[in-house]
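What follows is a short report on a single structure.
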Amino acid sequence: MNRTALLPLCLLLTACPGKHTPPQKPETCTPVASGAWSGATAYTEATDDWGLGDVTGVHYAAGDLDGDGYPDLIVTEGTTNARDTAEARLHFVMMNRDDGAGGRTFVDETEASGLLVARDGNTTGTSHNFYVEGDVDNDGDMDLYAGRYYDAGTTDATGDCSEIYLNDGAGHFTLAVSSDICIAGGYPTSAAAFTDYDLDGTLDLWVTGWYLEYGVSNEAAQAQLYHGNGDGTFNEVTEAVGLKLKSGRSSNYLDHDTRRPSYGATACDVNNDARPDLIASSYGRAWNQLWRNDGQVFTETGAESHFDADTDFDYSDNLMYACYCTTHSCDVEPTVDCGGAFPDNYWNPGYDDQPARLGGNSFTTVCSDIDNDGDVDLYTAEIAHKWAGNSADRTQLLLNDGTGIFDRIDNDTNGLKRPRPPAQDWNEGDLFAGFLDFDNDGWKDILLVQSDYEDTHMWMWRQTSPDQFEEVSDATGMNQPWPSGLAIADFDLDGDLDVVTGSSTARSGTPWTTHETHLYENQQSGNYVRFVGLPIGAKVEIEAGGQYQMAEVNGGYGTFGIVNDTVAQFGLGDVCMVDSVDVTLPGGATHHFEGKAGNKAVKLEW
């Protein structure tokens, strides 16, 4: 872990020169029984108990909207460009409330929330596809970015665009003054993340887009960076900070500096310089992008960081290639039988055989410290198909060396290998993912939402030792078939992390008839600590019982805005006292605390 000694600042537990600090009563806590997983079912579905039985959607945002400490839930249908109607609810704002019997439940306050109010004055619904949360006006509550996906080949009867909704502190929202995030003519918004790229203390916004007109051309949307003005308005600064790429129509699509369709946006500090870097997860077996924040300009480092793609460029088992070779002379001998799967003109020599077309279909990139060494690692969730062969990237864990260079760990060696779906024409639909310490043992585990194809389901891997995992999907109860969407939060504040997902109806074979929501309540308990009130981008590093952990507060990530509660929550194993806490804010300011009691929420002040 990068445990550089931090100079103690003038904090709550530190005497300030020239001032009298009264003695502080030492904090104590009583450990609860160890949260170590016994093998018993960790999660039970409690959807109806939580009042979510009639709530439908596929995109989820969890966070405290009204300041009561409990995470609320925004649910979005996200699969249509229409607005809400009385017959078709597309948005739900579910507030986490006391049920009057000592428990918690979600209450539908969608209409009262103001999120159904559109720019044109309509008050019954919008066509926004997803939301990410962040305090854009620095008044202490969670505001919302409402993302709108628009394909140029479709008809739009609403005129809705992406918007900012400002929170009054009680979970009621009003539209901010319109600004650059509302793009004239529409934009295929696929993901967004709040971050403070210029370290001025106000949140900025990183937005990625897919193809401009899917199925018509390879022209992809230019990812956008917006500078926040602190009042809910944003100015687009993409070209000014070096993020603009060449158009695929006017240049070679294979060039590294040509824009590519993206399904995921992530922002985190990958090289430990206290400046947030930007990630775009690219679709179309194309290179991913990692933009290093060099201060006033960004530099694309996908290739040098090893994030852009894996190194398997052997296309000899691609069925399109094999079919091409049945009627053409091929220098590389196919290793599979075409089987008549494709016409022989589906493969384009000089294009489809190039590294730029042999990467992944990346949907979500998770950014967090999974091996407890003090830097953020990455996990990419990928769609893969039998026909594309082994050159197409698979879902994989990438470990950071501390400088932003990643080692792609072979799934054969770390326990993350899994059998392919048994279907003859198999597909792996890995769309959403997250790190969470489900058993509070101090080591983050991996939850993968595999969706949209036959034989797909949720997967859970428990980290048994540094960088080693065991698959526990069935054993933990996290094996739902055909899920879609993800939110992770401690909804009942009992110290363990709960999970929400939806139900995919995307293709034939699904067991679901509607996009019903599922809440899985964690039964583990165990020792923990939750740090609240931290800004997006803050890194929290703790030592407890001789074990080190680090977490970075994020402002949404992955495909269509995965939003987990914006707290830093740690499992503590058998102990409950946190020996030391070091907080690094965006920009590098550090704060040191000692002797913090766990098994509760802790707000650090400086």
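Order determines the names: the first chain of the structure tokens is A, the second B, and so forth; residues in each chain are numbered 1 upward, and ligands are numbered 1 upward as they are shown.
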Could you find all residues in range 153-331 of chain A that DSSP calls strand (DSSP E or B) from the backbone, and write them as a VMD selection string?
chain A and resid 163 to 167 173 to 175 188 to 195 204 to 209 211 220 224 to 228 234 to 236 246 258 262 to 268 277 to 282 286 289 to 293 298 to 300
Applying 10 Å and only C-alpha atoms, which residues near range 317-321 of chain A remain after dropping the ones on its own chain fewer than 6 positions away? List them as a PyMOL selection string.
chain A and resi 330+332-349+352-353+385-392
Which residues are close to Ser162 in chain A, i.e. within 12 Å by only C-alpha atoms, leaving aside same-chain residues fewer than 3 positions away? Reply as number ranges by chain.
A: 118-119, 126-132, 144-150, 159, 165, 175-176, 178-192, 205, 207, 233-234
If we count only C-alpha atoms and set the cut-off at 7 Å, which residues sit around range 544-553 of chain A, ignoring sequence neighbours fewer than 2 positions away in its own chain? Please answer as number ranges by chain.
A: 368-369, 372, 374, 536-542, 555, 566-568, 572, 575, 577-579
Find, counting only C-alpha atoms, the residue in A:Phe194, A:Trp50, A:Phe313, A:Trp37 that gets nearest to Gly556 in chain A.
A:Phe194
Find the residue from A:Gly561, A:Gly114, A:Gly502, A:Gly415 that sits nearest to Gly53 in chain A; use only C-alpha atoms when measuring.
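Distance minimum relative to Gly53 in chain A lands on A:Gly502.
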Neighbouring residues of Arg292 in chain A were defined as those with any atom within 7 Å, considering only C-alpha atoms; residues of the same chain fewer than 5 positions away were excluded. Please report them as a PyMOL selection string.
chain A and resi 277-278+298-301
Write the residues of the selection above to a file with all heavy atoms, as a CSV table (one decimal), in the first residue's frame.
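The result, written out as out02.csv:
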```csv
chain,number,residue,atom,x,y,z
A,277,ASP,N,-8.6,11.0,-13.2
A,277,ASP,CA,-8.4,10.6,-14.6
A,277,ASP,C,-9.8,10.1,-15.2
A,277,ASP,O,-10.7,9.8,-14.4
A,277,ASP,CB,-7.4,9.5,-14.7
A,277,ASP,CG,-6.1,9.9,-14.0
A,277,ASP,OD1,-5.5,10.9,-14.4
A,277,ASP,OD2,-5.7,9.3,-13.0
A,278,LEU,N,-9.9,10.0,-16.5
A,278,LEU,CA,-11.2,9.7,-17.1
A,278,LEU,C,-11.1,8.4,-18.0
A,278,LEU,O,-10.1,8.2,-18.7
A,278,LEU,CB,-11.6,10.9,-18.0
A,278,LEU,CG,-11.7,12.3,-17.4
A,278,LEU,CD1,-12.1,13.3,-18.4
A,278,LEU,CD2,-12.7,12.2,-16.2
A,298,PHE,N,-5.6,16.7,-20.8
A,298,PHE,CA,-5.6,15.2,-20.7
A,298,PHE,C,-4.8,14.6,-21.8
A,298,PHE,O,-4.7,15.0,-22.9
A,298,PHE,CB,-7.0,14.7,-20.7
A,298,PHE,CG,-7.8,15.0,-19.5
A,298,PHE,CD1,-8.5,16.3,-19.3
A,298,PHE,CD2,-7.9,14.1,-18.5
A,298,PHE,CE1,-9.2,16.6,-18.2
A,298,PHE,CE2,-8.7,14.4,-17.3
A,298,PHE,CZ,-9.3,15.6,-17.2
A,299,THR,N,-4.1,13.4,-21.4
A,299,THR,CA,-3.3,12.7,-22.4
A,299,THR,C,-3.9,11.2,-22.4
A,299,THR,O,-4.1,10.6,-21.3
A,299,THR,CB,-1.9,12.6,-21.9
A,299,THR,OG1,-1.4,14.0,-21.9
A,299,THR,CG2,-1.0,11.8,-23.0
A,300,GLU,N,-4.2,10.7,-23.6
A,300,GLU,CA,-4.7,9.4,-23.7
A,300,GLU,C,-3.6,8.3,-23.5
A,300,GLU,O,-2.6,8.3,-24.2
A,300,GLU,CB,-5.4,9.2,-25.0
A,300,GLU,CG,-6.5,8.2,-25.0
A,300,GLU,CD,-6.1,6.7,-24.9
A,300,GLU,OE1,-5.4,6.3,-25.9
A,300,GLU,OE2,-6.4,6.0,-24.0
A,301,THR,N,-3.8,7.5,-22.5
A,301,THR,CA,-2.7,6.5,-22.1
A,301,THR,C,-3.2,5.1,-22.1
A,301,THR,O,-2.7,4.2,-21.5
A,301,THR,CB,-2.2,6.8,-20.7
A,301,THR,OG1,-3.3,6.7,-19.7
A,301,THR,CG2,-1.7,8.2,-20.6
```
Pick from A:Gly169, A:Pro535, A:Pro419, A:Pro511: nearest to Thr202 in chain A, with only C-alpha atoms counted?
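Closest to Thr202 in chain A of all the choices is A:Pro535.
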When distances are computed from only C-alpha atoms, which of A:Thr464, A:Thr154, A:Asn599, A:Thr327 shows the smallest separation from Gly442 in chain A?
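Comparing A:Thr464, A:Thr154, A:Asn599, A:Thr327 against Gly442 in chain A, the winner is A:Thr464.
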Which residues are close to Thr105 in chain A, i.e. within 8 Å by only C-alpha atoms, leaving aside same-chain residues fewer than 4 positions away? Reply as JSON, numbers by chain.
{"A": [49, 50, 51, 96, 97, 98, 99]}
Among range 281-527 of chain A, which ones does DSSP assign to alpha helix (DSSP H) (computed from the backbone)? Answer as a ChimeraX atom specification.
/A:302-305,319-324,411-414,473-476
Same residues, N, CA, C and O atoms, output as a CSV table (one decimal), in the first residue's frame:
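Result went into out-v2.csv, see below:
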```csv
chain,number,residue,atom,x,y,z
A,302,GLY,N,-4.2,4.8,-23.0
A,302,GLY,CA,-4.8,3.4,-23.0
A,302,GLY,C,-3.7,2.4,-23.3
A,302,GLY,O,-3.7,1.3,-22.7
A,303,ALA,N,-2.9,2.7,-24.3
A,303,ALA,CA,-1.9,1.7,-24.8
A,303,ALA,C,-0.8,1.5,-23.7
A,303,ALA,O,-0.5,0.4,-23.3
A,304,GLU,N,-0.2,2.6,-23.2
A,304,GLU,CA,0.9,2.5,-22.3
A,304,GLU,C,0.4,1.9,-20.9
A,304,GLU,O,1.2,1.3,-20.2
A,305,SER,N,-0.8,2.1,-20.6
A,305,SER,CA,-1.3,1.6,-19.3
A,305,SER,C,-1.8,0.2,-19.4
A,305,SER,O,-2.1,-0.4,-18.3
A,319,LEU,N,-15.5,-16.9,-36.5
A,319,LEU,CA,-16.3,-17.6,-37.5
A,319,LEU,C,-16.5,-16.7,-38.8
A,319,LEU,O,-16.6,-17.3,-39.9
A,320,MET,N,-16.5,-15.4,-38.6
A,320,MET,CA,-16.6,-14.6,-39.9
A,320,MET,C,-15.4,-14.8,-40.7
A,320,MET,O,-15.5,-14.9,-42.0
A,321,TYR,N,-14.2,-14.8,-40.1
A,321,TYR,CA,-13.0,-15.1,-40.8
A,321,TYR,C,-13.0,-16.5,-41.4
A,321,TYR,O,-12.6,-16.6,-42.6
A,322,ALA,N,-13.4,-17.5,-40.7
A,322,ALA,CA,-13.5,-18.8,-41.2
A,322,ALA,C,-14.4,-18.9,-42.5
A,322,ALA,O,-14.1,-19.6,-43.4
A,323,CYS,N,-15.5,-18.2,-42.4
A,323,CYS,CA,-16.4,-18.2,-43.6
A,323,CYS,C,-15.8,-17.5,-44.8
A,323,CYS,O,-16.0,-17.9,-45.9
A,324,TYR,N,-15.1,-16.4,-44.5
A,324,TYR,CA,-14.4,-15.7,-45.6
A,324,TYR,C,-13.4,-16.6,-46.2
A,324,TYR,O,-13.2,-16.6,-47.5
A,411,ASN,N,-7.7,-14.9,-15.8
A,411,ASN,CA,-8.8,-15.5,-15.0
A,411,ASN,C,-8.5,-16.9,-14.6
A,411,ASN,O,-9.1,-17.5,-13.7
A,412,ASP,N,-7.6,-17.6,-15.4
A,412,ASP,CA,-7.2,-19.0,-15.0
A,412,ASP,C,-6.4,-19.0,-13.7
A,412,ASP,O,-6.4,-20.1,-13.0
A,413,THR,N,-5.8,-17.9,-13.3
A,413,THR,CA,-4.9,-18.0,-12.2
A,413,THR,C,-5.4,-17.4,-10.9
A,413,THR,O,-4.9,-17.6,-9.8
A,414,ASN,N,-6.5,-16.6,-11.0
A,414,ASN,CA,-7.0,-15.9,-9.8
A,414,ASN,C,-8.4,-16.4,-9.4
A,414,ASN,O,-9.0,-15.8,-8.5
A,473,SER,N,-21.7,-17.7,-6.2
A,473,SER,CA,-23.0,-17.1,-6.7
A,473,SER,C,-24.2,-17.9,-6.1
A,473,SER,O,-25.1,-17.3,-5.5
A,474,ASP,N,-24.2,-19.2,-6.2
A,474,ASP,CA,-25.3,-20.0,-5.7
A,474,ASP,C,-25.3,-20.0,-4.2
A,474,ASP,O,-26.3,-19.8,-3.5
A,475,ALA,N,-24.1,-20.1,-3.6
A,475,ALA,CA,-24.0,-20.2,-2.1
A,475,ALA,C,-24.5,-19.0,-1.4
A,475,ALA,O,-25.1,-19.0,-0.3
A,476,THR,N,-24.3,-17.8,-2.0
A,476,THR,CA,-24.6,-16.6,-1.4
A,476,THR,C,-26.1,-16.2,-1.7
A,476,THR,O,-26.6,-15.2,-1.1
```
Enter the distance from CA of Leu243 in chain A to CA of Trp206 in chain A, in Å, rounded to one decimal.
10.8 Å
For Ala157 in chain A, please output as a VMD selection string all residues within 10 Å (counting only C-alpha atoms; exclusion window: fewer than 6 positions along the same chain).
chain A and resid 81 to 83 127
Rounded to one decimal, what separation in Å do you get between CA of Glu428 in chain A and CA of Tyr351 in chain A?
24.2 Å
